$ cat protein-v3.cif   # mmCIF, C-alpha atoms
data_run
#
loop_
_atom_site.label_atom_id
_atom_site.label_comp_id
_atom_site.auth_asym_id
_atom_site.auth_seq_id
_atom_site.Cartn_x
_atom_site.Cartn_y
_atom_site.Cartn_z
CA MET A 1 -240.30 -24.21 -204.21
CA ALA A 2 -239.61 -20.61 -205.14
CA ASP A 3 -239.08 -19.93 -201.44
CA LEU A 4 -236.56 -22.72 -201.25
CA VAL A 5 -234.53 -21.31 -204.11
CA PHE A 6 -234.75 -17.86 -202.60
CA ASP A 7 -233.54 -19.14 -199.21
CA ARG A 8 -230.60 -20.83 -200.81
CA GLY A 9 -229.74 -17.58 -202.59
CA THR A 10 -229.85 -15.46 -199.42
CA SER A 11 -227.92 -17.94 -197.32
CA SER A 12 -225.11 -18.18 -199.84
CA PHE A 13 -225.13 -14.38 -200.11
CA ARG A 14 -224.77 -14.20 -196.34
CA ARG A 15 -221.96 -16.77 -196.40
CA GLY A 16 -220.26 -14.58 -199.02
CA LEU A 17 -220.58 -11.52 -196.78
CA GLN A 18 -219.03 -13.46 -193.89
CA GLU A 19 -216.12 -14.81 -195.90
CA GLY A 20 -215.54 -11.39 -197.42
CA THR A 21 -215.13 -9.77 -194.00
CA SER A 22 -211.38 -10.33 -193.88
CA ILE A 23 -211.09 -8.58 -197.25
CA ALA A 24 -213.12 -5.66 -195.92
CA ILE A 25 -210.72 -5.38 -192.97
CA GLY A 26 -207.72 -5.66 -195.26
CA TYR A 27 -208.97 -3.03 -197.68
CA PHE A 28 -209.54 -0.50 -194.92
CA PRO A 29 -205.93 0.69 -194.44
CA ILE A 30 -205.13 0.50 -198.16
CA ALA A 31 -208.15 2.55 -199.17
CA ILE A 32 -207.58 5.03 -196.32
CA THR A 33 -204.05 5.56 -197.62
CA PHE A 34 -205.36 5.84 -201.16
CA GLY A 35 -207.79 8.58 -200.11
CA LEU A 36 -205.04 10.39 -198.27
CA ILE A 37 -202.62 10.30 -201.23
CA ALA A 38 -205.40 11.22 -203.68
CA LYS A 39 -206.02 14.35 -201.64
CA SER A 40 -202.36 15.31 -201.65
CA THR A 41 -202.19 14.61 -205.41
CA GLY A 42 -204.87 17.27 -205.87
CA LEU A 43 -207.93 15.13 -206.64
CA THR A 44 -211.28 16.26 -205.26
CA LEU A 45 -213.31 14.09 -202.88
CA THR A 46 -215.75 13.30 -205.71
CA GLU A 47 -212.96 12.23 -208.06
CA THR A 48 -211.37 10.09 -205.37
CA VAL A 49 -214.57 8.25 -204.50
CA LEU A 50 -215.52 8.01 -208.19
CA MET A 51 -212.22 6.31 -208.99
CA SER A 52 -212.80 3.71 -206.27
CA LEU A 53 -216.42 3.26 -207.45
CA ILE A 54 -215.57 2.80 -211.14
CA VAL A 55 -212.13 1.19 -211.13
CA PHE A 56 -212.07 -0.88 -207.90
CA ALA A 57 -208.46 -2.00 -208.32
CA GLY A 58 -205.98 -0.98 -205.64
CA ALA A 59 -202.66 -1.29 -207.40
CA SER A 60 -203.69 0.60 -210.52
CA GLN A 61 -205.40 3.36 -208.55
CA TYR A 62 -202.17 3.97 -206.62
CA MET A 63 -200.25 3.85 -209.86
CA ALA A 64 -202.57 6.40 -211.48
CA LEU A 65 -201.91 8.86 -208.64
CA ASN A 66 -198.20 8.32 -209.00
CA LEU A 67 -198.30 8.87 -212.77
CA LEU A 68 -200.50 11.96 -212.39
CA THR A 69 -197.89 13.47 -210.10
CA LEU A 70 -195.24 12.74 -212.73
CA GLY A 71 -197.40 14.49 -215.32
CA THR A 72 -198.07 11.37 -217.42
CA GLY A 73 -200.79 11.57 -220.07
CA ILE A 74 -204.15 9.90 -219.47
CA TYR A 75 -203.77 7.41 -222.35
CA GLU A 76 -200.57 6.08 -220.84
CA ILE A 77 -202.27 5.80 -217.48
CA ILE A 78 -205.17 3.86 -219.01
CA LEU A 79 -202.80 1.54 -220.90
CA THR A 80 -200.74 0.92 -217.77
CA THR A 81 -203.96 0.14 -215.89
CA PHE A 82 -204.79 -2.47 -218.50
CA ILE A 83 -201.35 -4.07 -218.19
CA VAL A 84 -201.49 -4.07 -214.38
CA ASN A 85 -204.95 -5.67 -214.42
CA ILE A 86 -204.61 -8.20 -217.23
CA ARG A 87 -203.98 -10.86 -214.55
CA HIS A 88 -207.67 -10.70 -213.70
CA PHE A 89 -208.31 -12.39 -217.04
CA LEU A 90 -206.67 -15.53 -215.64
CA MET A 91 -208.60 -15.26 -212.41
CA SER A 92 -211.97 -14.87 -214.14
CA ALA A 93 -211.15 -17.78 -216.45
CA SER A 94 -210.31 -19.93 -213.44
CA LEU A 95 -213.42 -18.85 -211.54
CA ASN A 96 -215.61 -19.48 -214.60
CA GLU A 97 -214.62 -23.17 -214.35
CA ILE A 98 -215.99 -23.58 -210.82
CA ALA A 99 -218.78 -20.99 -210.68
CA GLU A 100 -222.45 -21.98 -210.69
CA ASP A 101 -223.95 -21.77 -214.19
CA ASP A 102 -226.08 -18.67 -214.42
CA HIS A 103 -227.27 -15.96 -216.76
CA LEU A 104 -224.39 -14.06 -218.35
CA LEU A 105 -225.70 -10.71 -217.10
CA LYS A 106 -225.58 -11.90 -213.48
CA LYS A 107 -222.03 -13.12 -214.02
CA ALA A 108 -221.15 -9.83 -215.74
CA GLY A 109 -222.32 -8.09 -212.56
CA TYR A 110 -220.03 -9.95 -210.20
CA ALA A 111 -217.18 -10.01 -212.74
CA PHE A 112 -216.80 -6.30 -211.96
CA GLY A 113 -215.83 -7.20 -208.40
CA ILE A 114 -213.13 -9.77 -209.16
CA THR A 115 -209.93 -8.65 -207.48
CA ASP A 116 -206.88 -10.58 -206.26
CA GLU A 117 -208.58 -10.83 -202.90
CA THR A 118 -212.16 -11.71 -203.84
CA PHE A 119 -210.83 -14.26 -206.33
CA SER A 120 -208.61 -15.86 -203.67
CA VAL A 121 -211.40 -16.11 -201.11
CA ALA A 122 -213.88 -17.50 -203.64
CA SER A 123 -211.58 -20.13 -205.10
CA MET A 124 -210.32 -21.33 -201.70
CA ASN A 125 -213.82 -21.64 -200.23
CA ASN A 126 -214.75 -25.27 -199.84
CA LYS A 127 -218.40 -25.05 -200.79
CA GLU A 128 -219.83 -24.25 -204.19
CA VAL A 129 -219.30 -20.87 -205.79
CA THR A 130 -222.86 -19.68 -206.37
CA THR A 131 -223.89 -16.35 -207.84
CA GLY A 132 -225.27 -15.19 -204.47
CA TYR A 133 -221.99 -16.08 -202.77
CA MET A 134 -220.01 -14.05 -205.30
CA TYR A 135 -222.24 -11.02 -204.78
CA GLY A 136 -221.74 -11.37 -201.02
CA VAL A 137 -217.94 -11.57 -201.14
CA ASN A 138 -217.59 -8.84 -203.77
CA GLY A 139 -220.25 -6.60 -202.26
CA ILE A 140 -218.75 -6.31 -198.78
CA SER A 141 -215.27 -5.83 -200.26
CA TYR A 142 -216.48 -3.15 -202.68
CA ALA A 143 -218.37 -1.31 -199.93
CA SER A 144 -215.29 -1.29 -197.70
CA TRP A 145 -213.09 -0.09 -200.57
CA VAL A 146 -215.33 2.80 -201.62
CA VAL A 147 -216.29 3.97 -198.14
CA SER A 148 -212.73 3.76 -196.80
CA SER A 149 -211.40 5.75 -199.79
CA GLY A 150 -213.75 8.57 -198.89
CA LEU A 151 -212.93 8.30 -195.17
CA GLY A 152 -209.22 8.38 -196.03
CA PHE A 153 -209.68 11.57 -198.01
CA ILE A 154 -211.53 13.24 -195.14
CA PHE A 155 -209.92 11.80 -191.99
CA GLY A 156 -206.88 9.84 -193.27
CA ALA A 157 -204.28 11.84 -191.39
CA ALA A 158 -206.00 11.02 -188.09
CA LEU A 159 -205.27 7.25 -188.17
CA PRO A 160 -202.30 6.42 -185.90
CA GLN A 161 -199.17 5.73 -187.96
CA VAL A 162 -198.30 2.53 -186.04
CA LEU A 163 -201.72 1.00 -186.66
CA GLN A 164 -201.77 2.07 -190.30
CA GLU A 165 -198.39 0.43 -190.78
CA SER A 166 -199.21 -2.82 -189.01
CA MET A 167 -202.51 -3.09 -190.88
CA SER A 168 -200.57 -3.23 -194.14
CA ILE A 169 -199.92 -6.92 -193.35
CA ALA A 170 -203.68 -7.65 -193.41
CA LEU A 171 -204.14 -8.74 -197.03
CA TYR A 172 -200.94 -10.79 -197.07
CA ALA A 173 -201.99 -12.46 -193.84
CA MET A 174 -205.29 -13.24 -195.53
CA PHE A 175 -203.59 -14.72 -198.59
CA ILE A 176 -201.45 -16.87 -196.28
CA GLY A 177 -204.48 -17.86 -194.21
CA LEU A 178 -206.28 -18.95 -197.38
CA LEU A 179 -203.34 -20.89 -198.78
CA VAL A 180 -202.04 -22.76 -195.72
CA PRO A 181 -204.97 -25.18 -195.21
CA SER A 182 -204.61 -26.37 -198.82
CA LEU A 183 -200.84 -26.77 -198.47
CA LYS A 184 -201.18 -29.41 -195.78
CA GLY A 185 -200.53 -32.83 -197.24
CA ASN A 186 -200.84 -31.67 -200.84
CA ALA A 187 -197.46 -31.70 -202.61
CA LYS A 188 -198.93 -30.33 -205.84
CA VAL A 189 -200.31 -27.23 -204.11
CA VAL A 190 -196.99 -26.67 -202.34
CA MET A 191 -195.14 -26.93 -205.66
CA LEU A 192 -197.57 -24.58 -207.41
CA SER A 193 -197.34 -21.78 -204.87
CA LEU A 194 -193.59 -22.17 -204.31
CA THR A 195 -192.80 -22.18 -208.04
CA ALA A 196 -194.95 -19.12 -208.71
CA ALA A 197 -193.49 -17.31 -205.67
CA CYS A 198 -189.90 -18.03 -206.81
CA LEU A 199 -190.57 -17.06 -210.44
CA ASN A 200 -192.33 -13.86 -209.43
CA SER A 201 -189.49 -12.93 -207.07
CA ALA A 202 -186.93 -13.61 -209.80
CA PHE A 203 -188.81 -11.64 -212.48
CA THR A 204 -189.55 -8.58 -210.33
CA LEU A 205 -186.33 -8.36 -208.28
CA SER A 206 -184.24 -8.61 -211.47
CA HIS A 207 -186.52 -6.00 -213.10
CA VAL A 208 -187.02 -8.28 -216.11
CA LEU A 209 -190.79 -7.75 -215.94
CA SER A 210 -193.07 -5.16 -214.37
CA THR A 211 -195.22 -6.38 -211.46
CA GLY A 212 -198.35 -6.76 -213.60
CA TRP A 213 -196.76 -8.94 -216.27
CA SER A 214 -194.65 -10.78 -213.74
CA ILE A 215 -197.68 -12.08 -211.83
CA VAL A 216 -199.28 -13.22 -215.11
CA ALA A 217 -196.10 -14.91 -216.35
CA SER A 218 -195.18 -16.63 -213.10
CA THR A 219 -198.72 -17.85 -212.44
CA LEU A 220 -199.13 -19.25 -215.96
CA LEU A 221 -195.67 -20.82 -216.06
CA ALA A 222 -196.19 -22.51 -212.71
CA ALA A 223 -199.74 -23.69 -213.48
CA ILE A 224 -198.84 -25.08 -216.92
CA SER A 225 -195.52 -26.71 -216.06
CA ILE A 226 -196.83 -28.40 -212.94
CA GLU A 227 -199.95 -29.60 -214.74
CA ALA A 228 -197.72 -31.05 -217.50
CA ALA A 229 -195.50 -32.71 -214.90
CA SER A 230 -198.47 -34.29 -213.11
CA VAL A 231 -199.98 -35.55 -216.40
CA LEU A 232 -196.64 -37.09 -217.39
CA LYS A 233 -196.26 -38.65 -213.97
CA LYS A 234 -199.73 -40.20 -214.20
CA ARG A 235 -198.98 -41.54 -217.67
CA GLY A 236 -195.63 -42.95 -216.50
CA GLY A 237 -197.41 -44.58 -213.57
CA ALA A 238 -200.03 -46.13 -215.87
CA GLN A 239 -197.35 -47.55 -218.18
CA GLY A 240 -195.42 -48.97 -215.25
CA GLU A 241 -198.36 -51.12 -214.14
CA MET B 242 -214.33 18.88 -211.30
CA ASN B 243 -211.61 18.28 -213.85
CA ASN B 244 -212.97 16.76 -217.07
CA SER B 245 -209.82 14.94 -218.16
CA ILE B 246 -209.61 13.22 -214.75
CA ILE B 247 -213.17 11.94 -215.23
CA TRP B 248 -212.28 10.54 -218.68
CA MET B 249 -209.18 8.96 -217.21
CA ILE B 250 -211.26 7.29 -214.50
CA ILE B 251 -213.76 5.97 -217.06
CA GLY B 252 -210.92 4.66 -219.25
CA MET B 253 -209.27 3.00 -216.27
CA GLY B 254 -212.62 1.45 -215.35
CA LEU B 255 -212.99 -0.10 -218.80
CA ALA B 256 -209.36 -1.25 -218.91
CA THR B 257 -209.99 -3.04 -215.61
CA TYR B 258 -213.46 -4.40 -216.30
CA ILE B 259 -212.74 -5.93 -219.73
CA PRO B 260 -210.17 -8.49 -218.51
CA ARG B 261 -212.48 -9.34 -215.59
CA LEU B 262 -215.49 -9.90 -217.84
CA LEU B 263 -214.06 -11.46 -221.00
CA PRO B 264 -213.52 -15.06 -219.79
CA PHE B 265 -217.17 -15.36 -218.72
CA VAL B 266 -218.22 -14.36 -222.25
CA LEU B 267 -215.58 -16.33 -224.16
CA PHE B 268 -215.84 -19.60 -222.25
CA LYS B 269 -219.58 -19.58 -221.59
CA GLY B 270 -220.96 -23.11 -221.87
CA LYS B 271 -217.73 -24.35 -223.42
CA GLU B 272 -215.91 -27.42 -222.17
CA LEU B 273 -212.16 -26.83 -222.29
CA PRO B 274 -209.77 -29.75 -222.93
CA PRO B 275 -208.95 -31.58 -219.65
CA PHE B 276 -205.36 -30.33 -219.64
CA TRP B 277 -206.46 -26.67 -219.69
CA GLN B 278 -209.15 -27.34 -217.09
CA GLY B 279 -206.35 -28.67 -214.91
CA VAL B 280 -204.25 -25.57 -215.57
CA LEU B 281 -207.14 -23.27 -214.61
CA LYS B 282 -207.68 -25.24 -211.40
CA ASN B 283 -204.00 -24.71 -210.58
CA ILE B 284 -204.21 -20.94 -211.08
CA PRO B 285 -205.50 -20.02 -207.57
CA PHE B 286 -202.63 -21.74 -205.74
CA ALA B 287 -200.01 -20.30 -208.09
CA THR B 288 -201.60 -16.83 -207.89
CA LEU B 289 -201.51 -16.87 -204.10
CA GLY B 290 -197.81 -17.76 -204.13
CA ALA B 291 -197.06 -14.91 -206.53
CA LEU B 292 -199.24 -12.42 -204.66
CA ILE B 293 -197.49 -13.14 -201.36
CA PHE B 294 -193.87 -13.19 -202.57
CA PRO B 295 -191.90 -11.03 -202.86
CA ALA B 296 -194.40 -8.22 -202.07
CA VAL B 297 -194.90 -9.12 -198.38
CA LEU B 298 -191.20 -8.45 -197.72
CA PHE B 299 -191.51 -4.83 -198.81
CA ILE B 300 -194.49 -3.58 -196.81
CA GLN B 301 -191.97 -1.62 -194.74
CA ASP B 302 -188.32 -0.59 -195.23
CA ASN B 303 -187.34 -3.29 -192.77
CA VAL B 304 -187.68 -6.71 -194.48
CA LEU B 305 -187.95 -8.41 -191.08
CA TYR B 306 -191.23 -6.59 -190.45
CA GLY B 307 -193.01 -8.24 -193.37
CA LEU B 308 -191.32 -11.55 -192.64
CA LEU B 309 -192.49 -11.49 -189.02
CA GLY B 310 -196.04 -10.67 -190.10
CA ALA B 311 -196.02 -13.46 -192.70
CA ALA B 312 -194.60 -15.95 -190.20
CA SER B 313 -197.30 -15.06 -187.65
CA ALA B 314 -200.05 -15.51 -190.22
CA PHE B 315 -198.52 -18.82 -191.33
CA LEU B 316 -198.30 -20.13 -187.77
CA LEU B 317 -201.83 -19.06 -186.82
CA SER B 318 -203.40 -20.61 -189.90
CA TYR B 319 -201.20 -23.71 -189.62
CA LEU B 320 -202.68 -24.21 -186.15
CA GLY B 321 -206.05 -24.35 -187.88
CA LEU B 322 -207.33 -20.91 -186.90
CA ASN B 323 -209.81 -19.03 -189.03
CA VAL B 324 -208.57 -16.55 -191.68
CA ILE B 325 -209.90 -13.52 -189.81
CA ILE B 326 -208.07 -14.59 -186.65
CA SER B 327 -204.83 -14.94 -188.64
CA VAL B 328 -205.36 -11.47 -190.09
CA LEU B 329 -206.09 -9.81 -186.73
CA GLY B 330 -203.38 -11.86 -184.99
CA SER B 331 -200.66 -10.76 -187.37
CA ILE B 332 -201.77 -7.11 -187.06
CA VAL B 333 -201.45 -7.42 -183.27
CA VAL B 334 -198.00 -9.05 -183.54
CA LEU B 335 -196.72 -6.23 -185.76
CA THR B 336 -198.26 -3.49 -183.61
CA VAL B 337 -196.55 -4.96 -180.53
CA TYR B 338 -193.28 -5.41 -182.47
CA SER B 339 -193.16 -1.80 -183.67
CA SER B 340 -194.02 -0.49 -180.20
CA PHE B 341 -190.88 -2.19 -178.85
CA VAL B 342 -188.42 -1.68 -181.71
#
$ encode --input "protein-v3.cif" --output "structure tokens"
Amino acid sequence: MADLVFDRGTSSFRRGLQEGTSIAIGYFPIAITFGLIAKSTGLTLTETVLMSLIVFAGASQYMALNLLTLGTGIYEIILTTFIVNIRHFLMSASLNEIAEDDHLLKKAGYAFGITDETFSVASMNNKEVTTGYMYGVNGISYASWVVSSGLGFIFGAALPQVLQESMSIALYAMFIGLLVPSLKGNAKVVMLSLTAACLNSAFTLSHVLSTGWSIVASTLLAAISIEAASVLKKRGGAQGE
Amino acid sequence: MNNSIIWMIIGMGLATYIPRLLPFVLFKGKELPPFWQGVLKNIPFATLGALIFPAVLFIQDNVLYGLLGAASAFLLSYLGLNVIISVLGSIVVLTVYSSFV
């Protein structure tokens, strides 16, 4: 019996590793570039790798380098990091709804690895979200992020410019690849992603909100308004009968 | 090694980890009202929309570049191909495109 449980754990871990592979590929060019910029910002190799190890959040790591160059204080950098990453609160809350019930400490372990990408892969996967699966997806992504940051610091300049540029599509292509199968024949999903995409474009292009807040606001507005609309529609339908 | 950089990294780590962890602690074993459960189930689809647009248009100075990459990924996954194939396929399309333009 114990063996059975163990097998189930390893196989879902392995499934997580497999499904996380596209994230690992996508992180490669971003982390390489991060390592390269960190070096030119004046960070040491240890500091660069340490940042990827401890923070594990692409956008805010880039932002920190940018702010360091501008001479911004560390408290402002930490506060900005919080604002940029507050969207993960929504993602963890959403994942908590579908994740296998498990000890809080185990969940606290994989919570560290929740990024835009790992969240997207986990919530679009069509089997159950077990603890082993989460460790698989997050583990391979984390490894790629940390190792590629170091490689970028050491060898970054050696990667051909054309390849580095074309690889920047990787994570967007992954997001699209995850979304498209659910779009087919599901009007609600189409409405959700379209509404959030339009709101986010409007908020950021008009500079009303910074990118971090804009993703939070557009995601919440779309998810709440479309849920309300579908509840009202159901109620209307029930009354009509 | 610069001490203030290390403190900054630790602070950034906490500022990132807390939002990731908090929902698992706050909502542990709690049943949310059905409406909010529905909202949370909508979040992934809305998030994906917001993560893709408008950012994909600005991966290079030329907006067409991102658009072409996005269109390739859309087509490949619409044809039912695996996510990794869509990722690699769109990288190939853009590499070929920038070799000719």
$ interface_residues --input "protein-v3.cif" --of "chain B" --to "chain A" --cutoff "7 Å" --atoms "all atoms listed in the file" --output "PyMOL selection string"
chain B and resi 249-254+256-258+260-262+264-265+279-291+293-295+297+300+310-311+314-315+318-319+324-325+327-328+331-332+335-336
$ resolve_selection --input "protein-v3.cif" --expression "the PyMOL selection byres ((chain A and resi 12-18) around 6)" --output "PyMOL selection string"
chain A and resi 9-11+19-21+132-133+136-137+140
$ axis_aligned_box --input "protein-v3.cif" --around "range 152-169 of chain A" --padding-each-side "3 Å" --output "lines of an AutoDock Vina configuration file"
center_x = -204.9
center_y = 3.2
center_z = -192.0
size_x = 19.2
size_y = 26.2
size_z = 18.1
$ residues_around --input "protein-v3.cif" --residues "range 144-146 of chain A" --least-positions-apart "5" --cutoff "7 Å" --atoms "all atoms listed in the file" --output "PyMOL selection string"
chain A and resi 24+27-28+31+49+52-53
$ atom_distance --input "protein-v3.cif" --atom1 "CA of Ile30 in chain A" --atom2 "CA of Thr69 in chain A"
19.1 Å
$ atom_distance --input "protein-v3.cif" --atom1 "CA of Lys106 in chain A" --atom2 "CA of Tyr142 in chain A"
16.6 Å
$ atom_distance --input "protein-v3.cif" --atom1 "CA of Leu322 in chain B" --atom2 "CA of Tyr306 in chain B"
21.8 Å
$ build_atoms --input "protein-v3.cif" --residues "range 255-265 of chain B" --atoms "all heavy atoms" --output "mmCIF file, in the coordinates of the input"
data_model
loop_
_atom_site.group_PDB
_atom_site.id
_atom_site.type_symbol
_atom_site.label_atom_id
_atom_site.label_comp_id
_atom_site.auth_asym_id
_atom_site.auth_seq_id
_atom_site.Cartn_x
_atom_site.Cartn_y
_atom_site.Cartn_z
ATOM 1 N N LEU B 255 -212.826 0.850 -217.685
ATOM 2 C CA LEU B 255 -212.990 -0.100 -218.800
ATOM 3 C C LEU B 255 -211.788 -1.029 -218.908
ATOM 4 O O LEU B 255 -211.933 -2.241 -219.073
ATOM 5 C CB LEU B 255 -213.162 0.669 -220.122
ATOM 6 C CG LEU B 255 -214.534 1.307 -220.342
ATOM 7 C CD1 LEU B 255 -214.533 2.151 -221.615
ATOM 8 C CD2 LEU B 255 -215.612 0.216 -220.428
ATOM 9 N N ALA B 256 -210.592 -0.458 -218.792
ATOM 10 C CA ALA B 256 -209.360 -1.250 -218.910
ATOM 11 C C ALA B 256 -209.296 -2.315 -217.818
ATOM 12 O O ALA B 256 -208.649 -3.346 -217.974
ATOM 13 C CB ALA B 256 -208.143 -0.340 -218.830
ATOM 14 N N THR B 257 -209.978 -2.065 -216.702
ATOM 15 C CA THR B 257 -209.990 -3.040 -215.610
ATOM 16 C C THR B 257 -211.132 -4.038 -215.781
ATOM 17 O O THR B 257 -210.977 -5.231 -215.527
ATOM 18 C CB THR B 257 -210.145 -2.310 -214.250
ATOM 19 O OG1 THR B 257 -209.178 -1.277 -214.181
ATOM 20 C CG2 THR B 257 -209.929 -3.262 -213.097
ATOM 21 N N TYR B 258 -212.282 -3.527 -216.223
ATOM 22 C CA TYR B 258 -213.460 -4.400 -216.300
ATOM 23 C C TYR B 258 -213.343 -5.423 -217.433
ATOM 24 O O TYR B 258 -213.766 -6.576 -217.277
ATOM 25 C CB TYR B 258 -214.727 -3.558 -216.468
ATOM 26 C CG TYR B 258 -216.014 -4.368 -216.445
ATOM 27 C CD1 TYR B 258 -216.263 -5.284 -215.422
ATOM 28 C CD2 TYR B 258 -216.975 -4.213 -217.437
ATOM 29 C CE1 TYR B 258 -217.434 -6.016 -215.390
ATOM 30 C CE2 TYR B 258 -218.159 -4.947 -217.408
ATOM 31 C CZ TYR B 258 -218.384 -5.848 -216.387
ATOM 32 O OH TYR B 258 -219.534 -6.576 -216.361
ATOM 33 N N ILE B 259 -212.794 -5.018 -218.578
ATOM 34 C CA ILE B 259 -212.740 -5.930 -219.730
ATOM 35 C C ILE B 259 -212.010 -7.249 -219.412
ATOM 36 O O ILE B 259 -212.570 -8.316 -219.642
ATOM 37 C CB ILE B 259 -212.188 -5.209 -220.976
ATOM 38 C CG1 ILE B 259 -213.241 -4.170 -221.439
ATOM 39 C CG2 ILE B 259 -211.886 -6.178 -222.110
ATOM 40 C CD1 ILE B 259 -212.731 -3.177 -222.470
ATOM 41 N N PRO B 260 -210.796 -7.202 -218.854
ATOM 42 C CA PRO B 260 -210.170 -8.490 -218.510
ATOM 43 C C PRO B 260 -210.950 -9.302 -217.482
ATOM 44 O O PRO B 260 -210.900 -10.527 -217.471
ATOM 45 C CB PRO B 260 -208.800 -8.097 -217.947
ATOM 46 C CG PRO B 260 -208.580 -6.697 -218.339
ATOM 47 C CD PRO B 260 -209.913 -6.066 -218.549
ATOM 48 N N ARG B 261 -211.696 -8.618 -216.608
ATOM 49 C CA ARG B 261 -212.480 -9.340 -215.590
ATOM 50 C C ARG B 261 -213.687 -10.033 -216.215
ATOM 51 O O ARG B 261 -214.129 -11.078 -215.749
ATOM 52 C CB ARG B 261 -212.978 -8.349 -214.530
ATOM 53 C CG ARG B 261 -211.930 -7.905 -213.533
ATOM 54 C CD ARG B 261 -212.462 -6.768 -212.674
ATOM 55 N NE ARG B 261 -211.535 -6.441 -211.590
ATOM 56 C CZ ARG B 261 -211.601 -5.334 -210.863
ATOM 57 N NH1 ARG B 261 -212.548 -4.442 -211.086
ATOM 58 N NH2 ARG B 261 -210.739 -5.112 -209.893
ATOM 59 N N LEU B 262 -214.236 -9.410 -217.256
ATOM 60 C CA LEU B 262 -215.490 -9.900 -217.840
ATOM 61 C C LEU B 262 -215.260 -10.944 -218.932
ATOM 62 O O LEU B 262 -215.990 -11.940 -219.036
ATOM 63 C CB LEU B 262 -216.262 -8.714 -218.427
ATOM 64 C CG LEU B 262 -217.522 -9.060 -219.232
ATOM 65 C CD1 LEU B 262 -218.601 -9.628 -218.313
ATOM 66 C CD2 LEU B 262 -218.053 -7.835 -219.959
ATOM 67 N N LEU B 263 -214.240 -10.698 -219.765
ATOM 68 C CA LEU B 263 -214.060 -11.460 -221.000
ATOM 69 C C LEU B 263 -214.132 -12.989 -220.865
ATOM 70 O O LEU B 263 -214.837 -13.629 -221.647
ATOM 71 C CB LEU B 263 -212.736 -11.033 -221.652
ATOM 72 C CG LEU B 263 -212.743 -10.909 -223.169
ATOM 73 C CD1 LEU B 263 -213.916 -10.076 -223.657
ATOM 74 C CD2 LEU B 263 -211.427 -10.276 -223.644
ATOM 75 N N PRO B 264 -213.463 -13.586 -219.879
ATOM 76 C CA PRO B 264 -213.520 -15.060 -219.790
ATOM 77 C C PRO B 264 -214.930 -15.609 -219.636
ATOM 78 O O PRO B 264 -215.238 -16.669 -220.175
ATOM 79 C CB PRO B 264 -212.677 -15.370 -218.557
ATOM 80 C CG PRO B 264 -211.762 -14.220 -218.432
ATOM 81 C CD PRO B 264 -212.555 -13.026 -218.875
ATOM 82 N N PHE B 265 -215.797 -14.873 -218.910
ATOM 83 C CA PHE B 265 -217.170 -15.360 -218.720
ATOM 84 C C PHE B 265 -217.925 -15.372 -220.048
ATOM 85 O O PHE B 265 -218.784 -16.209 -220.267
ATOM 86 C CB PHE B 265 -217.908 -14.483 -217.700
ATOM 87 C CG PHE B 265 -217.376 -14.624 -216.305
ATOM 88 C CD1 PHE B 265 -216.565 -13.646 -215.758
ATOM 89 C CD2 PHE B 265 -217.659 -15.756 -215.540
ATOM 90 C CE1 PHE B 265 -216.056 -13.776 -214.465
ATOM 91 C CE2 PHE B 265 -217.160 -15.898 -214.254
ATOM 92 C CZ PHE B 265 -216.355 -14.905 -213.721
#
